[in-house]
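Participant: Got a structure for you, run26.cif, holding mmCIF, C-alpha atoms.
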```cif
data_structure
#
loop_
_atom_site.label_atom_id
_atom_site.label_comp_id
_atom_site.auth_asym_id
_atom_site.auth_seq_id
_atom_site.Cartn_x
_atom_site.Cartn_y
_atom_site.Cartn_z
CA MET A 21 71.89 -23.65 0.14
CA VAL A 22 70.50 -22.59 -3.23
CA PRO A 23 70.23 -25.27 -5.97
CA GLU A 24 72.57 -25.29 -8.96
CA ARG A 25 71.88 -22.62 -11.62
CA GLU A 26 68.98 -21.28 -9.59
CA ASN A 27 68.11 -17.57 -9.82
CA LEU A 28 67.99 -15.84 -6.44
CA ASP A 29 65.38 -13.25 -7.36
CA SER A 30 62.42 -15.32 -6.25
CA TYR A 31 64.06 -15.93 -2.88
CA ILE A 32 65.49 -12.50 -2.04
CA ALA A 33 65.07 -9.65 -4.51
CA ASP A 34 61.32 -10.07 -5.09
CA HIS A 35 60.56 -9.71 -1.38
CA HIS A 36 61.08 -6.87 1.07
CA HIS A 37 62.78 -8.31 4.17
CA GLN A 38 62.45 -5.54 6.74
CA ARG A 39 63.50 -7.57 9.76
CA MET A 40 66.29 -9.65 8.28
CA LYS A 41 69.60 -9.08 10.12
CA VAL A 42 71.71 -12.03 8.88
CA LEU A 43 71.78 -13.50 5.36
CA SER A 44 73.87 -16.45 4.15
CA LEU A 45 73.81 -17.41 0.49
CA TYR A 46 75.62 -20.61 -0.45
CA GLY A 47 75.48 -21.95 -4.01
CA GLU A 48 76.64 -25.35 -5.18
CA HIS A 49 77.85 -23.53 -8.30
CA GLN A 50 77.73 -19.88 -9.32
CA ILE A 51 74.18 -18.57 -8.90
CA VAL A 52 72.87 -15.10 -9.64
CA CYS A 53 70.57 -12.40 -8.35
CA THR A 54 69.63 -9.81 -10.98
CA ARG A 55 68.16 -7.13 -8.71
CA PRO A 56 69.37 -5.47 -5.48
CA LEU A 57 68.66 -7.22 -2.19
CA GLN A 58 65.64 -5.85 -0.32
CA VAL A 59 67.18 -6.06 3.15
CA PRO A 60 67.54 -2.49 4.53
CA HIS A 61 68.47 -3.60 8.07
CA LEU A 62 70.91 -6.35 7.13
CA GLU A 63 73.90 -6.53 9.51
CA GLU A 64 75.71 -9.68 8.38
CA LEU A 65 76.09 -10.91 4.80
CA TYR A 66 77.84 -14.18 3.90
CA ILE A 67 78.11 -15.08 0.22
CA THR A 68 79.68 -18.22 -1.26
CA ARG A 69 79.59 -18.97 -5.00
CA CYS A 70 76.88 -16.38 -5.63
CA ASN A 71 76.73 -13.30 -7.86
CA ILE A 72 74.44 -10.53 -6.70
CA VAL A 73 73.61 -6.97 -7.70
CA TRP A 74 75.62 -4.93 -5.22
CA ASP A 75 73.88 -2.01 -3.56
CA HIS A 76 74.50 0.13 -0.47
CA LEU A 77 74.03 -1.74 2.80
CA GLN A 78 74.30 0.98 5.42
CA ASN A 79 73.86 -1.21 8.51
CA LEU A 80 76.30 -3.91 7.52
CA ARG A 81 78.69 -5.06 10.29
CA VAL A 82 80.08 -8.22 8.67
CA LEU A 83 80.77 -8.84 4.98
CA SER A 84 82.13 -12.20 3.81
CA VAL A 85 82.50 -13.10 0.13
CA ASP A 86 84.04 -16.41 -0.96
CA GLU A 87 84.47 -18.22 -4.29
CA SER A 88 82.56 -15.62 -6.26
CA ASN A 89 83.01 -13.69 -9.51
CA GLY A 90 82.48 -10.33 -7.83
CA PRO A 91 82.43 -7.69 -6.66
CA ASN A 92 85.17 -5.94 -8.60
CA LEU A 93 86.90 -2.84 -7.25
CA ALA A 94 84.53 -0.36 -8.88
CA GLN A 95 81.63 -2.13 -7.18
CA LEU A 96 83.28 -2.79 -3.84
CA VAL A 97 84.55 0.74 -3.09
CA PRO A 98 81.07 2.37 -2.88
CA ILE A 99 79.76 -0.62 -0.91
CA LEU A 100 82.46 -0.14 1.72
CA GLN A 101 82.13 3.64 1.69
CA SER A 102 78.43 3.30 2.54
CA SER A 103 79.05 0.68 5.25
CA SER A 104 80.59 2.88 7.95
CA ARG A 105 79.53 0.42 10.68
CA LEU A 106 81.49 -2.47 9.17
CA GLU A 107 83.46 -4.40 11.80
CA ARG A 108 84.73 -7.45 9.91
CA LEU A 109 85.67 -7.87 6.25
CA PHE A 110 86.48 -11.26 4.70
CA LEU A 111 87.24 -11.54 0.98
CA ARG A 112 88.44 -14.91 -0.35
CA ASN A 113 88.78 -16.54 -3.76
CA ILE A 114 87.28 -13.61 -5.67
CA ASN A 115 87.71 -13.92 -9.43
CA ALA A 116 86.44 -10.46 -10.39
CA ALA A 117 88.00 -8.88 -13.45
CA SER A 118 90.30 -5.95 -12.75
CA ASP A 119 88.24 -2.79 -13.10
CA GLY A 120 89.77 -0.04 -11.03
CA ALA A 121 89.27 2.69 -13.59
CA GLY A 122 85.73 3.39 -12.45
CA ALA A 123 86.44 3.16 -8.74
CA PRO A 124 86.33 6.49 -6.89
CA LEU A 125 89.61 7.58 -5.33
CA ASN A 126 87.93 8.90 -2.19
CA PRO A 127 89.02 7.30 1.10
CA ILE A 128 87.08 4.46 2.67
CA TYR A 129 86.44 5.38 6.31
CA LEU A 130 85.67 2.35 8.46
CA PRO A 131 86.15 3.53 12.06
CA GLN A 132 84.76 0.33 13.60
CA LEU A 133 86.63 -2.16 11.42
CA SER A 134 88.54 -4.58 13.66
CA ALA A 135 89.43 -7.55 11.45
CA ILE A 136 90.40 -8.02 7.80
CA THR A 137 91.10 -11.21 5.89
CA PHE A 138 92.07 -11.18 2.22
CA SER A 139 92.94 -14.51 0.63
CA ARG A 140 93.48 -15.72 -2.95
CA MET A 141 92.18 -12.61 -4.58
CA SER A 142 93.57 -10.36 -7.28
CA PHE A 143 96.46 -8.11 -6.43
CA GLU A 144 94.69 -5.12 -7.96
CA LEU A 145 91.59 -5.63 -5.82
CA ALA A 146 93.57 -6.01 -2.59
CA LEU A 147 95.74 -2.97 -3.31
CA GLY A 148 92.75 -0.90 -4.42
CA ILE A 149 91.06 -1.48 -1.05
CA LEU A 150 94.16 -1.04 1.12
CA GLU A 151 95.29 2.21 -0.48
CA ARG A 152 91.87 3.79 0.17
CA LEU A 153 91.24 2.29 3.58
CA ILE A 154 91.29 4.44 6.72
CA THR A 155 90.61 2.44 9.86
CA SER A 156 90.68 2.95 13.58
CA ALA A 157 93.89 2.27 15.50
CA ALA A 158 92.27 -0.90 16.84
CA CYS A 159 91.98 -2.55 13.42
CA ARG A 160 93.66 -5.95 13.27
CA ILE A 161 94.56 -7.88 10.15
CA SER A 162 94.29 -11.62 10.66
CA ASP A 163 95.64 -12.47 7.22
CA ILE A 164 96.36 -10.92 3.88
CA SER A 165 97.55 -13.18 1.09
CA ARG A 166 97.81 -12.46 -2.59
CA PRO A 167 98.99 -14.16 -5.80
CA ARG A 168 102.28 -13.39 -7.49
CA SER A 169 102.43 -10.01 -9.16
CA GLU A 170 105.07 -8.41 -11.33
CA GLY A 171 103.35 -5.03 -11.32
CA SER A 172 105.15 -1.83 -10.43
CA SER A 173 102.69 -1.05 -7.64
CA TRP A 174 103.48 -4.09 -5.49
CA LEU A 175 105.63 -2.01 -3.09
CA GLY A 176 102.60 0.18 -2.44
CA PHE A 177 100.72 -2.95 -1.46
CA PHE A 178 103.29 -3.69 1.27
CA HIS A 179 103.32 -0.06 2.40
CA HIS A 180 99.56 0.05 2.92
CA ALA A 181 99.50 -3.43 4.51
CA GLY A 182 102.18 -2.29 6.96
CA ARG A 183 100.25 0.91 7.68
CA ILE A 184 97.22 -1.10 8.77
CA CYS A 185 99.14 -3.91 10.49
CA THR A 186 101.28 -1.67 12.71
CA PRO A 187 99.80 -1.03 16.19
CA GLN A 188 99.45 2.73 16.56
CA ARG A 189 97.06 3.20 19.46
CA PRO A 190 98.57 4.75 22.64
CA GLY A 191 99.57 1.96 25.00
CA GLU A 192 99.44 -0.71 22.29
CA GLN A 193 102.55 -2.80 21.65
CA ILE A 194 104.54 -3.97 18.69
CA ILE A 195 105.02 -7.54 19.93
CA ASP A 196 107.55 -10.04 18.57
CA PRO A 197 107.75 -8.73 15.00
CA GLN A 198 108.76 -11.37 12.50
CA LEU A 199 110.22 -11.69 9.01
CA SER A 200 110.04 -15.10 7.31
CA LEU A 201 110.85 -16.43 3.84
CA ILE A 202 110.35 -20.20 3.61
CA ASN A 203 109.45 -22.22 0.53
CA ASP A 204 108.22 -19.29 -1.59
CA TYR A 205 106.06 -17.84 1.19
CA TRP A 206 106.69 -14.49 2.86
CA HIS A 207 105.42 -13.73 6.32
CA LEU A 208 105.74 -10.22 7.73
CA GLU A 209 104.30 -9.63 11.19
CA ALA A 210 104.17 -6.56 13.41
CA ALA A 211 102.23 -8.17 16.29
CA PRO A 212 100.08 -11.27 16.83
CA GLY A 213 97.10 -11.08 14.49
CA ARG A 214 98.66 -8.28 12.44
CA HIS A 215 100.49 -9.91 9.61
CA LEU A 216 100.90 -10.17 5.88
CA HIS A 217 101.34 -13.65 4.41
CA THR A 218 101.92 -13.83 0.69
CA LEU A 219 103.45 -15.83 -2.13
CA SER A 220 106.95 -14.87 -3.19
CA PHE A 221 108.56 -14.72 -6.62
CA ASP A 222 110.23 -17.57 -8.50
CA ASP A 223 113.83 -16.41 -8.86
CA GLN A 224 115.86 -16.88 -5.67
CA GLN A 225 118.00 -13.76 -6.08
CA THR A 226 115.04 -11.60 -7.05
CA THR A 227 113.05 -13.05 -4.19
CA MET A 228 115.40 -11.81 -1.48
CA GLY A 229 115.82 -8.43 -3.15
CA ARG A 230 112.07 -8.01 -3.32
CA LEU A 231 111.57 -9.35 0.19
CA ALA A 232 114.06 -6.81 1.51
CA GLU A 233 112.24 -3.96 -0.22
CA ALA A 234 108.85 -5.28 0.85
CA ALA A 235 109.92 -5.79 4.46
CA ARG A 236 111.34 -2.27 4.65
CA MET A 237 108.07 -0.90 3.30
CA PHE A 238 106.01 -3.03 5.68
CA PHE A 239 107.96 -2.15 8.84
CA ALA A 240 108.64 1.49 7.95
CA THR A 241 105.37 2.61 9.55
CA SER A 242 106.65 1.39 12.92
CA LYS A 243 109.21 4.20 12.95
CA GLY A 244 108.36 7.45 14.65
CA LEU A 245 105.56 6.19 16.88
CA PRO A 246 106.59 7.62 20.26
CA PHE A 247 103.43 6.46 22.04
CA THR A 248 103.57 2.87 20.82
CA ALA A 249 105.57 0.42 22.94
CA ARG A 250 108.04 -1.49 20.79
CA SER A 251 109.11 -5.08 21.20
CA SER A 252 112.66 -5.83 22.32
CA ARG A 253 112.50 -9.20 20.53
CA PHE A 254 112.57 -9.98 16.80
CA ARG A 255 112.19 -13.28 14.95
CA LEU A 256 113.94 -14.10 11.67
CA GLU A 257 113.04 -17.30 9.83
CA LEU A 258 114.86 -17.71 6.54
CA GLN A 259 115.74 -20.55 4.23
CA TYR A 260 119.15 -19.50 2.90
CA MET A 261 122.21 -18.11 4.66
CA SER A 262 122.46 -15.45 1.95
CA HIS A 263 119.14 -14.07 3.22
CA VAL A 264 120.17 -13.79 6.87
CA ALA A 265 122.61 -10.90 6.38
CA GLU A 266 119.91 -8.86 4.63
CA GLY A 267 117.46 -9.81 7.35
CA LEU A 268 119.83 -8.52 10.03
CA GLU A 269 120.10 -5.19 8.21
CA ILE A 270 116.31 -4.89 8.07
CA VAL A 271 116.00 -5.57 11.80
CA HIS A 272 118.78 -3.06 12.51
CA GLU A 273 117.14 -0.35 10.38
CA ASN A 274 113.63 -0.74 11.79
CA PHE A 275 114.14 -2.21 15.28
CA PRO A 276 117.62 -1.12 16.42
CA GLU A 277 116.52 -1.45 20.06
CA THR A 278 116.25 -5.25 19.71
CA VAL A 279 117.61 -7.04 22.78
CA GLU A 280 116.59 -10.61 21.93
CA LEU A 281 116.97 -12.09 18.44
CA ASP A 282 115.58 -15.47 17.39
CA VAL A 283 117.13 -16.69 14.11
CA SER A 284 116.18 -19.83 12.20
CA CYS A 285 117.90 -20.79 8.96
CA ARG A 286 117.78 -24.12 7.19
CA GLU A 287 121.21 -23.90 5.59
CA GLY A 288 123.24 -22.74 8.59
CA LEU A 289 124.11 -19.66 10.58
CA ASP A 290 127.72 -18.81 9.75
CA VAL A 291 126.71 -15.40 8.42
CA LEU A 292 125.88 -14.26 11.97
CA THR A 293 129.58 -13.63 12.45
CA VAL A 294 128.84 -10.15 11.03
CA LEU A 295 127.52 -9.29 14.50
CA ALA A 296 131.17 -9.11 15.61
CA GLU A 297 132.27 -7.05 12.60
CA PRO A 298 131.41 -3.36 13.12
CA LYS A 299 131.34 -0.94 10.23
CA VAL A 300 133.25 2.31 10.24
CA GLU A 301 131.04 5.33 9.52
CA GLU A 302 132.50 8.84 9.76
CA GLY A 303 135.35 7.52 11.87
CA ASN A 304 133.05 5.71 14.35
CA LEU A 305 132.41 2.02 14.86
CA VAL A 306 128.80 1.10 14.13
CA TRP A 307 127.62 -2.27 15.43
CA LEU A 308 124.64 -4.18 14.11
CA LEU A 309 121.95 -4.30 16.80
CA PRO A 310 124.03 -2.67 19.56
CA ASN A 311 121.54 -3.61 22.30
CA LEU A 312 121.51 -7.30 21.41
CA ALA A 313 122.07 -9.43 24.53
CA MET A 314 120.20 -12.71 23.91
CA LEU A 315 120.52 -14.84 20.80
CA THR A 316 118.44 -17.95 20.06
CA LEU A 317 119.58 -20.02 17.08
CA ASN A 318 117.96 -22.84 15.13
CA THR A 319 118.92 -24.79 12.03
CA THR A 320 117.73 -28.01 10.42
CA SER A 321 121.28 -29.34 9.99
CA ASP A 322 122.67 -31.81 12.53
CA ALA A 323 126.09 -31.18 11.04
CA PHE A 324 126.16 -27.43 11.68
CA ASP A 325 129.03 -26.50 14.00
CA TYR A 326 128.40 -23.59 16.37
CA GLY A 327 132.11 -22.83 16.74
CA CYS A 328 131.98 -19.65 14.64
CA ILE A 329 128.89 -18.44 16.53
CA ILE A 330 130.54 -18.92 19.91
CA ALA A 331 133.66 -17.10 18.70
CA MET A 332 131.44 -14.21 17.55
CA ALA A 333 129.62 -14.02 20.88
CA ILE A 334 132.86 -13.99 22.85
CA GLU A 335 134.46 -11.38 20.60
CA ARG A 336 131.41 -9.11 20.75
CA THR A 337 131.16 -9.46 24.53
CA ARG A 338 134.84 -8.54 24.94
CA ALA A 339 134.35 -5.53 22.66
CA ALA A 340 131.49 -4.37 24.89
CA THR A 341 133.90 -3.84 27.79
CA SER A 342 135.49 -0.92 25.93
CA SER A 343 132.42 0.31 24.06
CA PRO A 344 129.68 1.76 26.30
CA SER A 345 127.22 1.80 23.39
CA LEU A 346 127.52 -1.97 22.84
CA ALA A 347 125.71 -4.54 25.01
CA PRO A 348 127.45 -7.83 25.81
CA ILE A 349 125.91 -11.15 24.83
CA ILE A 350 124.59 -12.65 28.06
CA LEU A 351 122.62 -15.66 26.80
CA LEU A 352 123.16 -17.96 23.83
CA THR A 353 120.59 -20.68 23.06
CA LEU A 354 121.89 -23.32 20.67
CA GLY A 355 119.43 -25.38 18.65
CA ARG A 356 120.00 -28.32 16.35
CA GLY A 357 123.64 -28.91 15.39
CA ARG A 358 126.83 -29.71 17.28
CA VAL A 359 129.33 -27.92 19.49
CA GLN A 360 132.67 -28.76 21.08
CA GLY A 361 132.47 -29.09 24.86
CA GLU A 362 135.62 -27.00 25.18
CA LEU A 363 133.89 -24.07 23.49
CA LEU A 364 131.06 -24.19 26.01
CA ARG A 365 133.64 -23.82 28.77
CA LYS A 366 135.03 -20.79 26.95
CA LEU A 367 131.54 -19.28 26.93
CA GLU A 368 131.38 -19.69 30.69
CA GLU A 369 134.80 -18.08 31.09
CA ALA A 370 133.58 -15.08 29.05
CA GLY A 371 130.56 -14.70 31.35
CA ILE A 372 128.07 -15.84 28.71
CA SER A 373 125.29 -18.19 29.79
CA TYR A 374 124.07 -20.82 27.35
CA GLU A 375 121.14 -23.17 26.90
CA ARG A 376 121.30 -26.43 24.98
CA GLY A 377 118.13 -26.33 22.92
CA GLY A 378 118.82 -29.55 21.00
CA VAL A 379 122.52 -29.12 20.25
CA THR A 380 124.80 -32.17 20.47
CA VAL A 381 127.97 -31.69 22.54
CA VAL A 382 131.01 -33.49 21.16
CA GLY A 383 134.51 -33.94 22.56
#
```
Show me the file's structure as structure tokens.

Facilitator:
Amino acid sequence: MVPERENLDSYIADHHHQRMKVLSLYGEHQIVCTRPLQVPHLEELYITRCNIVWDHLQNLRVLSVDESNGPNLAQLVPILQSSSRLERLFLRNINAASDGAGAPLNPIYLPQLSAITFSRMSFELALGILERLITSAACRISDISRPRSEGSSWLGFFHHAGRICTPQRPGEQIIDPQLSLINDYWHLEAAPGRHLHTLSFDDQQTTMGRLAEAARMFFATSKGLPFTARSSRFRLELQYMSHVAEGLEIVHENFPETVELDVSCREGLDVLTVLAEPKVEEGNLVWLLPNLAMLTLNTTSDAFDYGCIIAMAIERTRAATSSPSLAPIILLTLGRGRVQGELLRKLEEAGISYERGGVTVVG
């Protein structure tokens, strides 16, 4: 740890550290170094509350910057472009002024990068890195979070985040993708460890509209990857019933092969009745998620009645007998709420299995 208001030059810049491989600089408050670091063989650099003169570090494998006033985009792009061996990149709480005008537009090739974490940093800095970044197919994003932004380029941010988060290596899987909107936080996930977690916008109506656009951008990369195994399960976690219908459309557009759907909604689940209401397109019936066979439902309301859900499942299963392109519902898992015992017997009569995952049976 370097003392408060101490200059780093006498510790680092005024000495040539040929053998140094790992350097951690931790300041109690913002401290400075006015000349480039003399560490040509440095492999790991950890900086907290320190401002340094950024120079090329060709052997760097790990870069972690936290609670610092830099680097800005114009400084960071050449650093990353010169660090082709970089394996892990962690940028948190960076308060650098937006300065993308001087940043080169050339791509940043990091073939060995395997983990990225961006947290509480400017939208412009995060987008500026992502739109230039070219990684290997093995790159995993552990977390990307950003502050609110009203800028016109925010959709590009989700596009590039999705491009990096989506597994694209032959034999790799898209596992349990997820879309969540709870308490002003968005969570978009293509596979474990590959997700985007970010603050949402204030207005409820705007929030869902923007989430829908953002989710479509994020998951769009998953289309057209013939060598990537795709998950047959999708998780939806939403706060309002008005969001669930849009969420179903997003799943249908990007993961139409979904067999198992896990839906959580705090307000209730009545809107899921749309699963038994096919649309007519060019004279043909088009069902949402035609391969859906297993449905797991959760709500925070003890008063929610699953009657409409059971009616939907039975109706859809009956429709499947005359529609070869539609799968029947074979398993219904009922979470918190209540259900009439008579309706459970009707499920059995329709050949639909059920699990009582917290539901209260009445009557």

Participant: Extract, using all atoms listed in the file, all DNA, RNA and protein residues at most 9 Å from A:Thr155, discarding same-chain residues fewer than 4 positions from it, and format them as a list in words.

Facilitator: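 So, after excluding close chain neighbours, the residues are Ile128, Tyr129, Leu130, Pro131, Gln132, Leu133, Ser134, Cys159 and Ile184 of chain A.
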
Participant: Keeping only C-alpha atoms, take the residues you just selected and write them out as a compact mmCIF listing (two decimals), in the coordinates of the input.

Facilitator:
```
# COMPACT_ATOMS: atom_id res chain seq x y z
CA ILE A 128 87.08 4.46 2.67
CA TYR A 129 86.44 5.38 6.31
CA LEU A 130 85.67 2.35 8.46
CA PRO A 131 86.15 3.53 12.06
CA GLN A 132 84.76 0.33 13.60
CA LEU A 133 86.63 -2.16 11.42
CA SER A 134 88.54 -4.58 13.66
CA CYS A 159 91.98 -2.55 13.42
CA ILE A 184 97.22 -1.10 8.77
```

Participant: Neighbouring residues of stretch 102-119 of chain A were defined as those with any atom within 7 Å, considering all atoms listed in the file; residues of the same chain fewer than 6 positions away were excluded. Please report them as a VMD selection string.

Facilitator: chain A and resid 76 to 94 129 to 141 144

Participant: Given the file shown, determine the residues that the PyMOL selection byres ((chain A and resi 323) around 7) selects; report them as a list in words.

Facilitator: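 What the PyMOL selection byres ((chain A and resi 323) around 7) grabs from the file is Ser321, Asp322, Phe324, Asp325, Gly357 and Arg358 of chain A.
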
Participant: Provide the atom CA of A:Val271 to atom CA of A:Glu368 distance in Å, to one decimal place.

Facilitator: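 It comes out at 28.2 Å.
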
Participant: Could you check which of A:Gly148, A:Gly355, A:Pro60, A:Gly383 is closest to A:Val283, using only C-alpha atoms?

Facilitator: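 The closest residue to A:Val283 is A:Gly355.
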
Participant: Take the PyMOL selection byres ((chain A and resi 363) around 12), apply it to the structure above, and return the hits as a compact mmCIF listing (two decimals) with C-alpha atoms, keeping the file's coordinate frame.

Facilitator:
```
# COMPACT_ATOMS: atom_id res chain seq x y z
CA ASP A 325 129.03 -26.50 14.00
CA TYR A 326 128.40 -23.59 16.37
CA GLY A 327 132.11 -22.83 16.74
CA CYS A 328 131.98 -19.65 14.64
CA ILE A 329 128.89 -18.44 16.53
CA ILE A 330 130.54 -18.92 19.91
CA ALA A 331 133.66 -17.10 18.70
CA MET A 332 131.44 -14.21 17.55
CA ALA A 333 129.62 -14.02 20.88
CA ILE A 334 132.86 -13.99 22.85
CA ARG A 358 126.83 -29.71 17.28
CA VAL A 359 129.33 -27.92 19.49
CA GLN A 360 132.67 -28.76 21.08
CA GLY A 361 132.47 -29.09 24.86
CA GLU A 362 135.62 -27.00 25.18
CA LEU A 364 131.06 -24.19 26.01
CA ARG A 365 133.64 -23.82 28.77
CA LYS A 366 135.03 -20.79 26.95
CA LEU A 367 131.54 -19.28 26.93
CA GLU A 368 131.38 -19.69 30.69
CA GLU A 369 134.80 -18.08 31.09
CA ALA A 370 133.58 -15.08 29.05
CA ILE A 372 128.07 -15.84 28.71
CA TYR A 374 124.07 -20.82 27.35
CA VAL A 381 127.97 -31.69 22.54
CA VAL A 382 131.01 -33.49 21.16
CA GLY A 383 134.51 -33.94 22.56
```

Participant: Which of these residues is nearest to A:Phe178, using all atoms listed in the file: A:Trp206, A:Phe275, A:Phe238, A:Trp74?

Facilitator: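 Selected residue with least distance to A:Phe178: A:Phe238.
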
Participant: Expand the PyMOL selection byres ((chain A and resi 315) around 7) into the individual residues it matches in the shown file, reporting them as a list of chain:residue names.

Facilitator: A:Glu280, A:Leu281, A:Asp282, A:Ala313, A:Met314, A:Thr316, A:Leu317, A:Leu351, A:Leu352, A:Thr353

Participant: Is there a way to get, as a compact mmCIF listing (two decimals) with C-alpha atoms, in the coordinates of the input, all residues within 9 Å of the point (135.0, -9.6, 14.1) in file coordinates, counting all atoms listed in the file?

Facilitator:
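Done, and the output landed in selection_29.txt:
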```
# COMPACT_ATOMS: atom_id res chain seq x y z
CA THR A 293 129.58 -13.63 12.45
CA VAL A 294 128.84 -10.15 11.03
CA LEU A 295 127.52 -9.29 14.50
CA ALA A 296 131.17 -9.11 15.61
CA GLU A 297 132.27 -7.05 12.60
CA PRO A 298 131.41 -3.36 13.12
CA ALA A 331 133.66 -17.10 18.70
CA MET A 332 131.44 -14.21 17.55
CA GLU A 335 134.46 -11.38 20.60
CA ARG A 336 131.41 -9.11 20.75
```

Participant: To one decimal place in Å, what is the distance between atom CA of A:Ser242 and atom CA of A:Leu199?

Facilitator: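 Separation of atom CA of A:Ser242 and atom CA of A:Leu199: 14.1 Å.
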
Participant: Quick one: pull the distance between atom CA of A:Gly229 and atom CA of A:Gly267, Å, one decimal.

Facilitator: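 According to the coordinates, atom CA of A:Gly229 and atom CA of A:Gly267 are separated by 10.7 Å.
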
Participant: Of the candidates A:Ile72, A:Arg55, A:Arg286, A:Val279, which one gets nearest to A:Ile350 if we count all atoms listed in the file?

Facilitator: A:Val279

Participant: For stretch 60-69 of chain A, take all atoms listed in the file, fit an axis-aligned box around them, add 5 Å to each of the six sides, then output centre and edge lengths in Å rounded to one decimal, as AutoDock Vina command-line options.

Facilitator:
```
--center_x 73.6 --center_y -10.7 --center_z 2.3 --size_x 22.1 --size_y 26.5 --size_z 24.5
```

Participant: Under the rule that all atoms listed in the file are counted, which of A:Gly176, A:Ser44, A:Leu125, A:Arg183 is the nearest residue to A:Ser156?

Facilitator: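 Checking each candidate against A:Ser156, we get A:Arg183 as the closest.
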